[in-house]
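The structure file entry_33.cif is reproduced below (mmCIF, C-alpha atoms).
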data_work
#
loop_
_atom_site.label_atom_id
_atom_site.label_comp_id
_atom_site.auth_asym_id
_atom_site.auth_seq_id
_atom_site.Cartn_x
_atom_site.Cartn_y
_atom_site.Cartn_z
CA MET F 182 31.10 -3.57 -29.37
CA GLY F 183 31.52 -4.29 -25.67
CA GLU F 184 32.13 -0.61 -24.96
CA LEU F 185 28.94 0.34 -26.80
CA ILE F 186 26.90 -2.08 -24.70
CA GLY F 187 28.55 -0.74 -21.55
CA VAL F 188 27.69 2.86 -22.51
CA LEU F 189 24.11 1.91 -23.34
CA LEU F 190 23.64 0.10 -20.03
CA ALA F 191 25.24 2.95 -18.08
CA ASN F 192 22.77 5.38 -19.65
CA LEU F 193 19.66 3.19 -19.52
CA LEU F 194 19.87 1.62 -16.05
CA PRO F 195 19.38 4.88 -14.12
CA MET F 196 16.20 5.47 -16.12
CA ILE F 197 14.62 2.23 -14.89
CA ASP F 198 12.74 2.56 -11.62
CA MET F 199 13.65 -0.79 -10.03
CA THR F 200 11.45 -0.14 -7.02
CA GLU F 201 8.43 0.30 -9.26
CA LEU F 202 9.32 -2.80 -11.28
CA PHE F 203 9.54 -5.05 -8.22
CA GLY F 204 6.56 -3.31 -6.59
CA ALA F 205 4.41 -3.99 -9.65
CA ARG F 206 5.28 -7.68 -9.47
CA ARG F 207 4.28 -7.81 -5.79
CA ARG F 208 1.03 -5.93 -6.52
CA ARG F 209 0.18 -8.43 -9.27
CA ALA F 210 0.83 -11.30 -6.86
CA ARG F 211 -1.45 -9.70 -4.24
CA ALA F 212 -4.17 -9.13 -6.87
CA ALA F 213 -3.96 -12.79 -7.94
CA ALA F 214 -4.16 -13.96 -4.32
CA SER F 215 -7.17 -11.72 -3.73
CA ALA F 216 -8.89 -13.10 -6.85
CA ARG F 217 -8.38 -16.61 -5.43
CA GLY F 218 -10.05 -15.51 -2.20
CA GLU F 219 -6.89 -15.73 -0.13
CA ARG F 220 -5.86 -13.51 2.78
CA VAL F 221 -3.87 -10.52 1.47
CA GLU F 222 -1.80 -7.89 3.28
CA TYR F 223 -1.77 -4.53 1.47
CA PRO F 224 1.05 -2.15 2.43
CA CYS F 225 -0.11 1.31 3.42
CA VAL F 226 0.54 4.32 5.62
CA LEU F 227 -2.01 5.09 8.31
CA ARG F 228 -2.49 8.06 10.59
CA SER F 229 -5.30 7.57 13.06
CA GLU F 230 -6.07 9.06 16.45
CA GLU F 231 -7.30 5.70 17.71
CA LEU F 232 -4.90 3.21 16.09
CA THR F 233 -1.62 5.14 15.74
CA SER F 234 -2.04 7.91 18.35
CA GLY F 235 -2.05 10.46 15.53
CA ALA F 236 1.37 9.43 14.16
CA GLU F 237 1.96 8.21 10.60
CA ARG F 238 2.88 4.53 10.57
CA ARG F 239 3.76 2.15 7.77
CA GLY F 240 1.93 -1.10 8.04
CA TRP F 241 -0.51 -3.40 6.29
CA LEU F 242 -4.25 -3.72 5.87
CA VAL F 243 -5.10 -7.42 6.20
CA VAL F 244 -8.00 -8.37 3.93
CA GLY F 245 -9.69 -11.75 3.91
CA ASP F 246 -10.89 -14.25 6.53
CA GLY F 247 -12.90 -11.74 8.56
CA PRO F 248 -13.00 -7.98 8.97
CA VAL F 249 -10.24 -5.76 7.57
CA ARG F 250 -7.47 -5.40 10.12
CA TRP F 251 -4.59 -2.93 10.54
CA ARG F 252 -1.21 -4.48 11.34
CA TRP F 253 2.16 -2.90 11.93
CA SER F 254 5.39 -4.45 13.05
CA ARG F 255 5.09 -3.76 16.77
CA ALA F 256 1.48 -4.54 17.49
CA GLU F 257 -1.16 -7.21 17.12
CA PRO F 258 -3.63 -6.72 14.23
CA VAL F 259 -6.71 -4.70 15.18
CA VAL F 260 -10.00 -4.27 13.34
CA PHE F 261 -9.89 -1.28 10.98
CA GLU F 262 -13.26 0.45 10.62
CA PRO F 263 -12.59 4.00 9.42
CA GLY F 264 -16.14 4.80 8.38
CA GLU F 265 -16.76 6.63 5.12
CA LEU F 266 -13.53 7.31 3.25
CA THR F 267 -13.16 10.39 1.06
CA MET F 268 -10.40 10.56 -1.55
CA GLN F 269 -8.17 13.59 -0.98
CA ALA F 270 -5.28 13.17 -3.43
CA VAL F 271 -3.94 10.74 -5.98
CA ASP F 272 -0.76 10.39 -8.00
CA ARG F 273 1.26 7.51 -9.49
CA GLN F 274 2.61 6.44 -6.09
CA ALA F 275 -0.30 6.81 -3.67
CA VAL F 276 -3.94 7.61 -3.20
CA THR F 277 -4.86 9.37 0.05
CA PHE F 278 -8.18 8.95 1.82
CA HIS F 279 -9.53 10.80 4.85
CA ALA F 280 -12.25 9.67 7.24
CA GLY F 281 -13.80 10.99 10.42
CA GLY F 282 -13.31 14.65 9.58
CA GLY F 283 -9.59 14.14 8.96
CA ARG F 284 -8.97 12.13 12.14
CA THR F 285 -7.93 9.18 9.96
CA GLU F 286 -5.69 9.31 6.88
CA LEU F 287 -4.95 6.26 4.77
CA ARG F 288 -2.43 6.13 1.90
CA LEU F 289 -1.93 3.16 -0.38
CA HIS F 290 -0.97 2.39 -3.96
CA PRO F 291 -3.65 3.35 -6.51
CA ASP F 292 -3.59 -0.15 -8.03
CA GLU F 293 -4.69 -1.62 -4.69
CA ALA F 294 -7.18 1.00 -3.55
CA GLY F 295 -10.12 -0.70 -5.24
CA ALA F 296 -9.58 -4.03 -3.50
CA VAL F 297 -9.22 -2.36 -0.11
CA LEU F 298 -12.31 -0.19 -0.62
CA ARG F 299 -14.35 -3.24 -1.65
CA ALA F 300 -13.22 -5.09 1.47
CA LEU F 301 -14.08 -2.16 3.72
CA GLY F 302 -17.46 -1.65 2.05
CA GLY F 303 -18.56 -5.25 2.08
#
Write out the structure in this file as structure tokens.
Amino acid sequence: MGELIGVLLANLLPMIDMTELFGARRRRARAAASARGERVEYPCVLRSEELTSGAERRGWLVVGDGPVRWRWSRAEPVVFEPGELTMQAVDRQAVTFHAGGGRTELRLHPDEAGAVLRALGG
């Protein structure tokens, strides 16, 4: 019986996307915090001529208590005002938006795009 359980686990564990499991839990926690009106930091990838010198950088969009701000590990948060965002691509992992004729590109998880767009629009 123990061997059967070992074989089942050995075959099933690689099929489970642990990153997605833990990521979903963190997204639910951010959604709950947002619903309570708390400050939330949404992970994203940003490429912007003004904010990242045209390079892609992983960071966070800080929503709540004021305007939306872009933060990454080596810099102070700055106000993020991309203008009108146009959706370019979407899949299970990311939705990509462009603004300013392609001068700005923003990628974030599809589950969190709505909250970020509401914050930028309002």
(message) I'd like to know which of F:Gly240, F:Gly281, F:Gly302, F:Gly295 is closest to F:Arg252, using all atoms listed in the file.
(response) F:Gly240
(request) Would you mind listing what lies within 10 Å of F:Glu265 as number ranges by chain, with all atoms listed in the file counted and same-chain residues fewer than 6 positions away left out? (result) F: 278-282, 298, 301-302
If you count only C-alpha atoms, which residues fall within 12 Å of F:Ala270, apart from same-chain ones fewer than 4 positions away, as a PDB file with C-alpha atoms, in the frame of the given file?
ATOM      1  CA  GLN F 274       2.610   6.440  -6.090  1.00  0.00           C
ATOM      2  CA  ALA F 275      -0.300   6.810  -3.670  1.00  0.00           C
ATOM      3  CA  VAL F 276      -3.940   7.610  -3.200  1.00  0.00           C
ATOM      4  CA  THR F 277      -4.860   9.370   0.050  1.00  0.00           C
ATOM      5  CA  PHE F 278      -8.180   8.950   1.820  1.00  0.00           C
ATOM      6  CA  HIS F 279      -9.530  10.800   4.850  1.00  0.00           C
ATOM      7  CA  GLU F 286      -5.690   9.310   6.880  1.00  0.00           C
ATOM      8  CA  LEU F 287      -4.950   6.260   4.770  1.00  0.00           C
ATOM      9  CA  ARG F 288      -2.430   6.130   1.900  1.00  0.00           C
ATOM     10  CA  LEU F 289      -1.930   3.160  -0.380  1.00  0.00           C
ATOM     11  CA  HIS F 290      -0.970   2.390  -3.960  1.00  0.00           C
ATOM     12  CA  PRO F 291      -3.650   3.350  -6.510  1.00  0.00           C
TER      13      PRO F 291
END
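Taking atom CA of F:Arg239 as the reference point, atom CA of F:Cys225 is found at 5.9 Å.
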(request) Identify which of the residues F:Ser215, F:Thr285, F:Gln269, F:Ser229 lies closest to F:Val243, counting all atoms listed in the file when measuring atom-to-atom distances. (result)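 Result for the nearest residue to F:Val243: F:Ser215.
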